[in-house]
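Structure, as C-alpha cells:
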Amino acid sequence: MKFFVDTAEVSDIRELHDIGLLDGVTTNPSLIAKSGRDFKEVVQEICALLPGLPVSAEVAATDYDGMMAEGKVLAALADNVVVKLPLTLDGLKACKHMTSEGIRTNVTLCFSANQALLAAKCGATYISPFIGRLDDLNVDGMDLIQDIRMIYDNYDYQTQVLAASIRTPNHVSQAALAGADVATIPPAVLKKLASHMLTDKGLEAFVKDWASTGQSIL
Ligand code: G3P
C-alpha cells in the first residue's frame with residue numbers, strides 16, 4: 001500500500017520523508033489555508049522535496065473552463081504535480097480532457113460508488129473516497145472502499161483507490177484490508193501507526209536488562 005501524507009506543512013513532509021515512509025503528498029484548499037502560505041510556492045517546494053513522487057494540488061475553480069485553465073497552471077509548476085478536481089460533472093469533464101493531455105488527476109470529494117465509477121470512466125489517475133466524513137454521518141466509509149475496489153476489479157479500471165479523510169490508525173489498516181491502493185494520512189495519524197504500548201514496555205525492559213549486563217556492542 002502506498003502512503004501519501006495529507007498536509008501542506010513542509011516540515012512534517014520532510015520529517016516523514018526522512019524516515020522513508022512517503023510515496024506522495026496530497027493537499028487541498030483547506031490545508032493550504034491552514035498553512036498560511038502562498039499556494040504555488042508551497043506546492044513547488046513540496047514537489048522539489050519529493051522529486052518523482054506525486055503531489056496533489058487542487059483547483060479552486062468550479063466550472064470546466066476555469067478548472068482547465070487552473071489545472072494547466074498547476075501542472076506546469078512541476079513534473080510531479082497531480083491536478084485535484086472535484087467530483088462534479090464539470091470536474092469529470094476536466095478530468096477526461098486533462099487525462100487525454102497527459103495530465104495526471106486526482107478526483108476528490110467522492111462519497112459514492114457511482115461517483116467512483118464515473119471518475120474511472122473519465123480516466124482519473126486517483127479517486128479519493130472520503131472515509132472519515134462518511135463515518136461522521138454514521139455511514140461506514142470502509143464499505144465504500146470495498147465497493148469501489150470490487151467495481152474497479154470487475155472492469156479492470158486502472159484508477160487507483162486513494163483512501164482519504166483518514167482520521168485514525170484503524171482507518172489505515174482497514175483501508176489496506178479493503179484493498180485501497182493508497183491511503184492519504186494526516187502526519188499525526190501516520191506517526192501513530194508505529195506506536196504500541198507493548199512495544200514501549202518491551203523496549204524499556206530490554207534496555208534495563210541490557211544495562212545490567214554491563215556489556216557494549218560497539
Ligand atoms: O484527504 C482529504 C482530507 O484532507 C479531508 O479530511 O478530516 O477534513 O475529512 P477531513
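Labels for the C-alpha cells follow display order: chains A, B, ..., residues from 1 in each chain, ligands from 1.
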
Quiz item: Skipping near chain neighbours, those fewer than 2 positions away, what residues fall within 9 Å of A:Val172 using only C-alpha atoms, listed as an NGL selection string?
Solution: :A and (163 or 166-170 or 174-177 or 183-185 or 189-190 or 193)

Quiz prompt | Selection near stretch 84-86 of chain A, 12 Å with only C-alpha atoms, sequence-local residues under 5 positions removed, as a PyMOL selection string | solution = chain A and resi 25-29+54-64+66-68+70-72+74-75+91-99+103-111+115-116+119+122+124-129

Exercise. Kindly provide, as a ChimeraX atom specification, all nucleotide and amino acid residues lying within 6 Å of ligand 1, counting only C-alpha atoms and all ligand atoms.
Key: /A:6,132-133,164-165

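Between atom CA of A:Val5 and atom CA of A:Ala48 lies a distance of 15.4 Å.
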
Practice problem: Could you please write out, as a list in words, every residue of stretch 43-85 of chain A that DSSP assigns to strand (DSSP E or B)? | Solution: Val55, Ser56, Ala57, Glu58, Val81, Val82, Val83, Lys84 and Leu85 of chain A

With N, CA, C and O atoms retained, could you export that selection as a short mmCIF file (atom, residue, chain, number, x, y, z; two decimals), in the first residue's frame?
```cif
data_model
loop_
_atom_site.label_atom_id
_atom_site.label_comp_id
_atom_site.auth_asym_id
_atom_site.auth_seq_id
_atom_site.Cartn_x
_atom_site.Cartn_y
_atom_site.Cartn_z
N VAL A 55 2.34 14.73 -6.16
CA VAL A 55 1.90 15.76 -5.20
C VAL A 55 0.60 16.35 -5.74
O VAL A 55 0.59 17.00 -6.78
N SER A 56 -0.50 16.10 -5.03
CA SER A 56 -1.80 16.59 -5.49
C SER A 56 -2.01 18.04 -5.10
O SER A 56 -1.85 18.42 -3.93
N ALA A 57 -2.40 18.85 -6.09
CA ALA A 57 -2.72 20.27 -5.87
C ALA A 57 -4.09 20.52 -6.49
O ALA A 57 -4.33 20.17 -7.65
N GLU A 58 -4.98 21.11 -5.70
CA GLU A 58 -6.39 21.19 -6.11
C GLU A 58 -6.75 22.51 -6.79
O GLU A 58 -6.31 23.58 -6.35
N VAL A 81 3.35 17.17 -10.26
CA VAL A 81 2.04 17.66 -9.80
C VAL A 81 0.92 16.77 -10.36
O VAL A 81 0.94 16.40 -11.54
N VAL A 82 -0.02 16.42 -9.50
CA VAL A 82 -1.25 15.73 -9.89
C VAL A 82 -2.37 16.74 -9.65
O VAL A 82 -2.47 17.30 -8.55
N VAL A 83 -3.19 17.00 -10.67
CA VAL A 83 -4.23 18.02 -10.52
C VAL A 83 -5.46 17.39 -9.86
O VAL A 83 -6.02 16.41 -10.34
N LYS A 84 -5.86 18.01 -8.75
CA LYS A 84 -7.01 17.51 -7.99
C LYS A 84 -8.26 18.25 -8.44
O LYS A 84 -8.29 19.49 -8.49
N LEU A 85 -9.30 17.47 -8.75
CA LEU A 85 -10.54 18.03 -9.30
C LEU A 85 -11.72 17.53 -8.49
O LEU A 85 -11.75 16.35 -8.09
#
```

Exercise. Name the residues in contact with A:Ser11 at a cut-off of 12 Å, using only C-alpha atoms, excluding same-chain residues fewer than 6 positions from it; report them as a ChimeraX atom specification.
Key: /A:5,17-18,35,42,45-46,49,187

Self-check item: Secondary structure check, alpha helix (DSSP H) residues of stretch 23-67 of chain A, as a ChimeraX atom specification
Solution: /A:29-35,39-49,64-67

Those residues you just picked out, can you put them in a file as an mmCIF file, in the first residue's frame with N, CA, C and O atoms?
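That gives us result.cif:
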```cif
data_model
loop_
_atom_site.group_PDB
_atom_site.id
_atom_site.type_symbol
_atom_site.label_atom_id
_atom_site.label_comp_id
_atom_site.auth_asym_id
_atom_site.auth_seq_id
_atom_site.Cartn_x
_atom_site.Cartn_y
_atom_site.Cartn_z
ATOM 1 N N PRO A 29 -7.545 22.882 -0.589
ATOM 2 C CA PRO A 29 -7.605 24.313 -0.255
ATOM 3 C C PRO A 29 -7.649 24.577 1.258
ATOM 4 O O PRO A 29 -7.086 25.574 1.726
ATOM 5 N N SER A 30 -8.284 23.696 2.014
ATOM 6 C CA SER A 30 -8.341 23.898 3.471
ATOM 7 C C SER A 30 -6.948 23.756 4.085
ATOM 8 O O SER A 30 -6.570 24.527 4.987
ATOM 9 N N LEU A 31 -6.185 22.773 3.610
ATOM 10 C CA LEU A 31 -4.831 22.569 4.149
ATOM 11 C C LEU A 31 -3.898 23.712 3.742
ATOM 12 O O LEU A 31 -3.036 24.125 4.524
ATOM 13 N N ILE A 32 -4.101 24.248 2.535
ATOM 14 C CA ILE A 32 -3.294 25.398 2.101
ATOM 15 C C ILE A 32 -3.633 26.611 2.976
ATOM 16 O O ILE A 32 -2.739 27.318 3.457
ATOM 17 N N ALA A 33 -4.924 26.815 3.224
ATOM 18 C CA ALA A 33 -5.343 27.945 4.071
ATOM 19 C C ALA A 33 -4.734 27.808 5.468
ATOM 20 O O ALA A 33 -4.244 28.778 6.047
ATOM 21 N N LYS A 34 -4.737 26.562 5.994
ATOM 22 C CA LYS A 34 -4.187 26.316 7.327
ATOM 23 C C LYS A 34 -2.683 26.614 7.373
ATOM 24 O O LYS A 34 -2.164 27.085 8.379
ATOM 25 N N SER A 35 -1.995 26.338 6.280
ATOM 26 C CA SER A 35 -0.538 26.568 6.252
ATOM 27 C C SER A 35 -0.217 28.064 6.240
ATOM 28 O O SER A 35 0.878 28.468 6.624
ATOM 29 N N PHE A 39 0.071 29.402 -2.231
ATOM 30 C CA PHE A 39 -0.258 28.076 -2.786
ATOM 31 C C PHE A 39 0.819 27.549 -3.733
ATOM 32 O O PHE A 39 1.394 26.471 -3.538
ATOM 33 N N LYS A 40 1.110 28.338 -4.771
ATOM 34 C CA LYS A 40 2.032 27.836 -5.799
ATOM 35 C C LYS A 40 3.442 27.636 -5.226
ATOM 36 O O LYS A 40 4.127 26.676 -5.563
ATOM 37 N N GLU A 41 3.825 28.539 -4.335
ATOM 38 C CA GLU A 41 5.162 28.445 -3.732
ATOM 39 C C GLU A 41 5.290 27.153 -2.905
ATOM 40 O O GLU A 41 6.269 26.423 -3.012
ATOM 41 N N VAL A 42 4.256 26.868 -2.110
ATOM 42 C CA VAL A 42 4.336 25.687 -1.245
ATOM 43 C C VAL A 42 4.267 24.408 -2.082
ATOM 44 O O VAL A 42 4.975 23.424 -1.802
ATOM 45 N N VAL A 43 3.479 24.409 -3.135
ATOM 46 C CA VAL A 43 3.395 23.212 -3.999
ATOM 47 C C VAL A 43 4.755 22.954 -4.653
ATOM 48 O O VAL A 43 5.242 21.817 -4.686
ATOM 49 N N GLN A 44 5.396 24.028 -5.134
ATOM 50 C CA GLN A 44 6.706 23.855 -5.767
ATOM 51 C C GLN A 44 7.744 23.345 -4.761
ATOM 52 O O GLN A 44 8.576 22.504 -5.087
ATOM 53 N N GLU A 45 7.650 23.849 -3.535
ATOM 54 C CA GLU A 45 8.606 23.411 -2.501
ATOM 55 C C GLU A 45 8.413 21.923 -2.190
ATOM 56 O O GLU A 45 9.382 21.167 -2.075
ATOM 57 N N ILE A 46 7.158 21.508 -2.067
ATOM 58 C CA ILE A 46 6.878 20.093 -1.773
ATOM 59 C C ILE A 46 7.339 19.216 -2.945
ATOM 60 O O ILE A 46 7.957 18.165 -2.746
ATOM 61 N N CYS A 47 7.060 19.660 -4.160
ATOM 62 C CA CYS A 47 7.446 18.881 -5.339
ATOM 63 C C CYS A 47 8.961 18.714 -5.413
ATOM 64 O O CYS A 47 9.466 17.653 -5.780
ATOM 65 N N ALA A 48 9.692 19.761 -5.046
ATOM 66 C CA ALA A 48 11.158 19.692 -5.096
ATOM 67 C C ALA A 48 11.700 18.770 -4.004
ATOM 68 O O ALA A 48 12.725 18.116 -4.171
ATOM 69 N N LEU A 49 10.966 18.705 -2.891
ATOM 70 C CA LEU A 49 11.376 17.851 -1.762
ATOM 71 C C LEU A 49 11.194 16.371 -2.102
ATOM 72 O O LEU A 49 11.928 15.516 -1.615
ATOM 73 N N TYR A 64 -15.892 24.176 -15.723
ATOM 74 C CA TYR A 64 -14.958 23.433 -16.585
ATOM 75 C C TYR A 64 -13.819 24.302 -17.124
ATOM 76 O O TYR A 64 -12.644 23.945 -16.985
ATOM 77 N N ASP A 65 -14.155 25.456 -17.709
ATOM 78 C CA ASP A 65 -13.109 26.298 -18.301
ATOM 79 C C ASP A 65 -12.107 26.763 -17.239
ATOM 80 O O ASP A 65 -10.891 26.758 -17.468
ATOM 81 N N GLY A 66 -12.638 27.150 -16.096
ATOM 82 C CA GLY A 66 -11.769 27.604 -15.008
ATOM 83 C C GLY A 66 -10.858 26.489 -14.524
ATOM 84 O O GLY A 66 -9.667 26.690 -14.279
ATOM 85 N N MET A 67 -11.429 25.284 -14.382
ATOM 86 C CA MET A 67 -10.615 24.145 -13.924
ATOM 87 C C MET A 67 -9.526 23.812 -14.928
ATOM 88 O O MET A 67 -8.385 23.510 -14.554
#
```

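Between atom CA of A:Leu22 and atom CA of A:Phe4 there is a distance of 5.8 Å.
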
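Here atom CA of A:Ile145 stands at a distance of 7.6 Å from atom CA of A:Val161.
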
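Counting only C-alpha atoms and comparing A:Val207, A:Ala113, A:His171, A:Gly123, the residue that lies closest to A:Leu144 is A:Ala113.
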